[in-house]
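Structure file work.pdb; described as PDB, C-alpha atoms.
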```
ATOM      1  CA  MET A  20     113.474 134.668 126.465
ATOM      2  CA  THR A  21     109.819 135.714 126.581
ATOM      3  CA  THR A  22     106.650 133.684 126.151
ATOM      4  CA  ASN A  23     102.928 134.229 126.364
ATOM      5  CA  GLU A  24      99.816 132.058 126.218
ATOM      6  CA  THR A  25      99.234 132.356 122.490
ATOM      7  CA  THR A  26     102.680 132.662 120.957
ATOM      8  CA  ARG A  27     106.000 131.032 121.757
ATOM      9  CA  ARG A  28     108.259 134.046 121.449
ATOM     10  CA  PHE A  29     112.017 134.105 122.019
ATOM     11  CA  ALA A  30     114.547 136.942 122.100
ATOM     12  CA  THR A  31     118.155 136.510 121.039
ATOM     13  CA  GLN A  32     121.186 138.591 120.033
ATOM     14  CA  TRP A  33     123.808 138.514 117.290
ATOM     15  CA  LEU A  34     127.199 140.203 117.601
ATOM     16  CA  VAL A  35     129.054 141.115 114.410
ATOM     17  CA  ARG A  36     132.792 140.981 115.062
ATOM     18  CA  PRO A  37     135.874 141.461 112.886
ATOM     19  CA  THR A  38     138.084 138.412 112.370
ATOM     20  CA  GLY A  39     140.991 140.359 110.880
ATOM     21  CA  LEU A  40     141.919 143.478 108.929
ATOM     22  CA  PRO A  41     139.771 144.230 105.866
ATOM     23  CA  LEU A  42     141.231 144.529 102.390
ATOM     24  CA  ILE A  43     141.873 148.058 101.124
ATOM     25  CA  ARG A  44     140.405 148.885  97.730
ATOM     26  CA  ARG A  45     142.526 151.067  95.438
ATOM     27  CA  ARG A  46     143.679 150.536  91.880
ATOM     28  CA  CYS A  47     147.268 149.332  91.650
ATOM     29  CA  LEU A  48     149.456 151.216  89.167
ATOM     30  CA  ARG A  49     151.639 148.160  88.494
ATOM     31  CA  CYS A  50     149.103 145.389  87.958
ATOM     32  CA  LYS A  51     145.377 144.880  87.456
ATOM     33  CA  SER A  52     144.617 144.323  91.135
ATOM     34  CA  ALA A  53     142.482 146.772  93.107
ATOM     35  CA  GLN A  54     143.076 145.248  96.539
ATOM     36  CA  TYR A  55     145.752 145.828  99.152
ATOM     37  CA  ARG A  56     146.310 144.030 102.420
ATOM     38  CA  ALA A  57     147.508 145.789 105.573
ATOM     39  CA  HIS A  58     149.504 143.782 108.109
ATOM     40  CA  GLY A  59     149.620 146.388 110.869
ATOM     41  CA  LYS A  60     152.992 147.816 109.874
ATOM     42  CA  PHE A  61     153.724 151.550 110.067
ATOM     43  CA  ARG A  62     156.451 153.766 108.696
ATOM     44  CA  ILE A  63     157.541 156.777 110.738
ATOM     45  CA  ASN A  64     159.586 159.749 109.616
ATOM     46  CA  ALA A  65     160.775 162.288 112.191
ATOM     47  CA  ASN A  66     162.081 165.633 111.019
ATOM     48  CA  HIS A  67     163.180 167.492 114.141
ATOM     49  CA  LYS A  68     159.929 167.989 116.081
ATOM     50  CA  LEU A  69     157.647 167.115 113.147
ATOM     51  CA  LEU A  70     156.337 163.633 112.594
ATOM     52  CA  ASP A  71     154.920 161.800 109.585
ATOM     53  CA  VAL A  72     153.271 158.400 110.041
ATOM     54  CA  TRP A  73     151.971 156.060 107.344
ATOM     55  CA  LEU A  74     150.134 152.740 107.486
ATOM     56  CA  LEU A  75     151.657 150.351 104.952
ATOM     57  CA  ALA A  76     149.682 147.971 102.735
ATOM     58  CA  LEU A  77     150.777 145.526 100.026
ATOM     59  CA  CYS A  78     149.032 144.900  96.703
ATOM     60  CA  VAL A  79     147.596 141.364  96.738
ATOM     61  CA  GLY A  80     148.552 141.000  93.079
ATOM     62  CA  CYS A  81     152.149 142.172  92.811
ATOM     63  CA  GLY A  82     153.239 143.142  96.321
ATOM     64  CA  GLU A  83     153.576 146.866  95.545
ATOM     65  CA  THR A  84     153.517 148.943  98.741
ATOM     66  CA  ILE A  85     151.269 151.930  99.303
ATOM     67  CA  LYS A  86     151.393 154.312 102.250
ATOM     68  CA  LEU A  87     148.206 155.586 103.845
ATOM     69  CA  THR A  88     148.814 158.877 105.595
ATOM     70  CA  VAL A  89     147.989 158.705 109.295
ATOM     71  CA  LEU A  90     149.835 161.822 110.535
ATOM     72  CA  GLU A  91     151.409 164.542 108.436
ATOM     73  CA  ARG A  92     153.825 167.154 109.793
ATOM     74  CA  ALA A  93     152.447 166.641 113.294
ATOM     75  CA  ASN A  94     154.304 168.126 116.240
ATOM     76  CA  VAL A  95     155.664 165.225 118.230
ATOM     77  CA  ARG A  96     154.391 166.826 121.457
ATOM     78  CA  THR A  97     150.819 166.492 120.206
ATOM     79  CA  VAL A  98     151.119 162.721 119.767
ATOM     80  CA  ASP A  99     150.184 160.562 122.738
ATOM     81  CA  PRO A 100     153.368 158.705 123.852
ATOM     82  CA  THR A 101     151.485 155.414 124.158
ATOM     83  CA  THR A 102     150.158 155.771 120.607
ATOM     84  CA  LEU A 103     153.657 156.626 119.376
ATOM     85  CA  ASP A 104     154.965 153.438 120.994
ATOM     86  CA  ARG A 105     152.211 151.484 119.239
ATOM     87  CA  PHE A 106     153.273 152.985 115.891
ATOM     88  CA  HIS A 107     156.856 151.891 116.543
ATOM     89  CA  GLY A 108     155.625 148.453 117.665
ATOM     90  CA  ASN A 109     153.526 147.913 114.510
ATOM     91  CA  ASP A 110     150.420 147.298 116.596
ATOM     92  CA  PRO A 111     147.759 145.503 114.461
ATOM     93  CA  ALA A 112     144.968 146.607 116.831
ATOM     94  CA  LEU A 113     145.933 150.225 116.195
ATOM     95  CA  ALA A 114     145.900 149.565 112.450
ATOM     96  CA  ALA A 115     142.401 148.104 112.793
ATOM     97  CA  SER A 116     141.119 151.150 114.691
ATOM     98  CA  LEU A 117     142.649 153.517 112.134
ATOM     99  CA  LEU A 118     141.060 151.658 109.240
ATOM    100  CA  ALA A 119     137.708 152.105 111.008
ATOM    101  CA  ASP A 120     138.144 155.897 110.777
ATOM    102  CA  PRO A 121     136.115 157.253 107.812
ATOM    103  CA  GLY A 122     138.254 160.419 107.846
ATOM    104  CA  LEU A 123     141.456 158.478 107.216
ATOM    105  CA  LEU A 124     139.817 156.592 104.365
ATOM    106  CA  ARG A 125     138.583 159.809 102.741
ATOM    107  CA  ARG A 126     141.958 161.535 103.056
ATOM    108  CA  ASN A 127     143.665 158.638 101.339
ATOM    109  CA  GLY A 128     140.992 158.037  98.707
ATOM    110  CA  VAL A 129     140.405 154.371  99.598
ATOM    111  CA  THR A 130     137.522 152.140 100.604
ATOM    112  CA  LEU A 131     137.430 148.832 102.496
ATOM    113  CA  ASP A 132     136.403 145.332 101.498
ATOM    114  CA  TRP A 133     135.202 143.347 104.554
ATOM    115  CA  ASP A 134     134.368 140.129 102.702
ATOM    116  CA  GLY A 135     135.695 137.196 104.710
ATOM    117  CA  ALA A 136     136.849 139.408 107.596
ATOM    118  CA  TRP A 137     133.830 139.262 109.896
ATOM    119  CA  THR A 138     131.861 136.730 111.895
ATOM    120  CA  VAL A 139     128.425 136.483 113.499
ATOM    121  CA  GLN A 140     128.434 135.351 117.127
ATOM    122  CA  LYS A 141     124.996 134.284 118.259
ATOM    123  CA  THR A 142     123.519 133.856 121.723
ATOM    124  CA  THR A 143     123.451 130.164 122.559
ATOM    125  CA  VAL A 144     119.683 129.786 122.766
ATOM    126  CA  ASP A 145     117.722 126.949 121.168
ATOM    127  CA  VAL A 146     114.909 128.667 119.265
ATOM    128  CA  SER A 147     113.792 125.570 117.368
ATOM    129  CA  GLU A 148     110.403 125.597 119.126
ATOM    130  CA  ALA A 149     109.798 129.331 118.749
ATOM    131  CA  GLU A 150     107.036 130.711 116.590
ATOM    132  CA  VAL A 151     108.438 134.262 116.750
ATOM    133  CA  VAL A 152     112.106 135.157 117.223
ATOM    134  CA  ASP A 153     113.104 138.747 118.003
ATOM    135  CA  THR A 154     116.803 139.281 117.215
ATOM    136  CA  SER A 155     118.910 142.310 118.028
ATOM    137  CA  VAL A 156     122.047 142.734 115.913
ATOM    138  CA  ARG A 157     124.957 144.713 117.333
ATOM    139  CA  PHE A 158     128.150 145.683 115.516
ATOM    140  CA  ILE A 159     131.272 145.538 117.693
ATOM    141  CA  GLN A 160     133.064 147.658 115.081
ATOM    142  CA  ARG A 161     131.964 149.731 112.109
ATOM    143  CA  ILE A 162     131.794 147.004 109.436
ATOM    144  CA  PRO A 163     129.585 147.900 106.459
ATOM    145  CA  ILE A 164     127.931 144.655 105.348
ATOM    146  CA  ARG A 165     125.128 143.894 102.924
ATOM    147  CA  LEU A 166     122.366 143.070 105.354
ATOM    148  CA  MET A 167     120.862 140.388 103.133
ATOM    149  CA  LYS A 168     124.205 138.570 103.299
ATOM    150  CA  LEU A 169     124.404 139.095 107.064
ATOM    151  CA  LEU A 170     120.927 137.629 107.515
ATOM    152  CA  SER A 171     121.794 134.749 105.202
ATOM    153  CA  VAL A 172     124.878 133.892 107.265
ATOM    154  CA  GLY A 173     123.146 134.355 110.618
ATOM    155  CA  LEU A 174     120.062 132.325 109.676
ATOM    156  CA  ASP A 175     122.118 129.743 107.743
ATOM    157  CA  VAL A 176     119.924 129.969 104.656
ATOM    158  CA  SER A 177     120.490 131.235 101.117
ATOM    159  CA  ARG A 178     120.076 134.900 100.267
ATOM    160  CA  SER A 179     117.188 133.992  97.975
ATOM    161  CA  GLU A 180     115.481 132.373 100.982
ATOM    162  CA  VAL A 181     116.015 135.559 103.014
ATOM    163  CA  GLU A 182     114.458 137.569 100.191
ATOM    164  CA  ARG A 183     111.501 135.169 100.148
ATOM    165  CA  LEU A 184     111.028 135.516 103.917
ATOM    166  CA  VAL A 185     111.027 139.312 103.596
ATOM    167  CA  ALA A 186     108.613 139.243 100.644
ATOM    168  CA  ASP A 187     106.252 136.916 102.533
ATOM    169  CA  GLY A 188     106.336 139.147 105.633
ATOM    170  CA  ALA A 189     107.865 136.370 107.725
ATOM    171  CA  LEU A 190     110.975 138.492 108.337
ATOM    172  CA  SER A 191     110.508 142.157 109.160
ATOM    173  CA  SER A 192     112.469 145.072 110.552
ATOM    174  CA  THR A 193     112.070 148.792 111.043
ATOM    175  CA  HIS A 194     115.591 149.072 109.581
ATOM    176  CA  ARG A 195     116.016 149.090 105.792
ATOM    177  CA  LEU A 196     117.396 145.676 104.897
ATOM    178  CA  SER A 197     118.593 146.479 101.386
ATOM    179  CA  GLY A 198     122.141 147.707 100.749
ATOM    180  CA  LYS A 199     125.012 147.913 103.237
ATOM    181  CA  SER A 200     124.893 149.076 106.837
ATOM    182  CA  SER A 201     127.022 149.061 109.976
ATOM    183  CA  SER A 202     124.296 150.299 112.324
ATOM    184  CA  ASP A 203     122.776 148.212 115.102
ATOM    185  CA  PHE A 204     119.290 147.000 114.248
ATOM    186  CA  SER A 205     116.725 144.376 115.143
ATOM    187  CA  PHE A 206     114.429 142.111 113.192
ATOM    188  CA  THR A 207     111.574 139.714 113.824
ATOM    189  CA  LEU A 208     111.261 136.267 112.280
ATOM    190  CA  ARG A 209     107.878 134.557 112.316
ATOM    191  CA  ARG A 210     108.384 130.908 111.684
ATOM    192  CA  ARG A 211     106.987 127.424 112.023
ATOM    193  CA  PRO A 212     108.550 125.340 114.810
ATOM    194  CA  GLY A 213     111.220 123.051 113.384
ATOM    195  CA  SER A 214     111.840 125.149 110.259
ATOM    196  CA  ALA A 215     115.402 125.554 109.005
ATOM    197  CA  ALA A 216     115.707 129.312 109.479
ATOM    198  CA  ASP A 217     117.488 130.203 112.708
ATOM    199  CA  GLY A 218     117.842 126.766 114.212
ATOM    200  CA  PRO A 219     119.830 126.187 117.424
ATOM    201  CA  ALA A 220     122.212 129.110 117.791
ATOM    202  CA  THR A 221     125.970 128.595 117.848
ATOM    203  CA  GLU A 222     128.838 130.938 118.622
ATOM    204  CA  GLY A 223     131.481 132.105 116.184
ATOM    205  CA  GLU A 224     129.754 131.532 112.842
ATOM    206  CA  VAL A 225     132.179 132.883 110.267
ATOM    207  CA  CYS A 226     131.151 134.637 107.082
ATOM    208  CA  ARG A 227     132.290 132.651 104.038
TER
END
```
Hey, can you dump this file as structure tokens for me?
Amino acid sequence: MTTNETTRRFATQWLVRPTGLPLIRRRCLRCKSAQYRAHGKFRINANHKLLDVWLLALCVGCGETIKLTVLERANVRTVDPTTLDRFHGNDPALAASLLADPGLLRRNGVTLDWDGAWTVQKTTVDVSEAEVVDTSVRFIQRIPIRLMKLLSVGLDVSRSEVERLVADGALSSTHRLSGKSSSDFSFTLRRRPGSAADGPATEGEVCR
């Protein structure tokens, strides 16, 4: 927290965290759905010293299974034994880290849908009396989110209100706020004490 004689200025932080595995976007060949859900399950095929590993996902519409290639014809000696055990144990944390790999997504021709799978955790600081609030936003994991939606959730106001704040110059950032991003950034909110935007901070605010 920082203050000076002329302006009541506070500093706070938001952490963007995953709350589960994102949906996988790919057109299903059996139904009209374009979303698959991974549950952290892997399939392993060993052919002598060569190993194939796939991450399994089920279509949310019809339950059809797809396999995302993780390893293909890999020599078993090149695979870390701990990682191999995690494949066999269907480790959901390993599935989450693999889905965060842009290379794996490109190889398999899929994208991710993070809607409903992230949360904003805010520093527990009462900024209700602040005239200026400087907020740093840090992503715990690479989660591409529309920043207008992120700001709407974090400030607990509508997206149209966020757009109004930006247009009025009350909310500013050196980071481009349009479109999606997963990069850490900061923004400044100039507000009247007691206004609705960014009231008393709470932890674990979940994106709806």
(message) Considering only C-alpha atoms, can you say which of A:Ile43, A:Ile162, A:Leu90, A:Leu77 comes closest to Thr138 of chain A?
(response) A:Ile162
(request) Let me know the residues the PyMOL selection byres ((chain A and resi 205) around 12) catches in the file above, as a PyMOL selection string. (result) chain A and resi 30-34+152-158+166+170+190-196+202-204+206-208
(request) State, in Å with one decimal place, the distance from atom CA of Leu40 of chain A to atom CA of Val95 of chain A. (result) 27.4 Å
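Going from atom CA of Arg27 of chain A to atom CA of Val181 of chain A covers 21.7 Å.
Residues matching the PyMOL selection byres ((chain A and resi 52-61) around 7) in this structure come to Leu40, Leu42, Ile43, Arg44, Arg45, Arg46, Cys47, Cys50, Lys51, Arg62, Ile63, Val72, Trp73, Leu74, Leu75, Ala76, Leu77, Cys78, Val79, Gly80, Phe106, Asn109, Asp110, Pro111 and Ala114 of chain A.
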(request) Pull out every residue that the PyMOL selection byres ((chain A and resi 127) around 10) matches in the shown coordinates and put them as a PyMOL selection string. (result) chain A and resi 45+86-89+122-126+128-130
(request) Measure the distance from atom CA of Trp137 of chain A to atom CA of Gly39 of chain A in Å and round it to one decimal. (result) 7.3 Å
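Between Thr84 of chain A and the candidates A:Arg96, A:His67, A:Arg49, A:Arg210, the tightest atom-to-atom separation, counting only C-alpha atoms, involves A:Arg49.
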(request) Determine, counting all atoms listed in the file, which protein, DNA and RNA residues have an atom within 10 Å of an atom of Asn94 of chain A; residues of the same chain fewer than 4 positions away are not included. Present the result as a ChimeraX atom specification. (result) /A:65-71,90,98
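Comparing A:Leu131, A:Val139, A:Val151, A:Val172 by their smallest distance to Pro41 of chain A, the closest is A:Leu131 (using only C-alpha atoms).
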Return the padded bounding box of segment 81-96 of chain A as lines of an AutoDock Vina configuration file: axis-aligned, built from all atoms listed in the file, 4 Å added on each side, with centre and edge lengths in Å to one decimal.
```
center_x = 151.8
center_y = 155.1
center_z = 107.1
size_x = 15.7
size_y = 34.0
size_z = 36.6
```
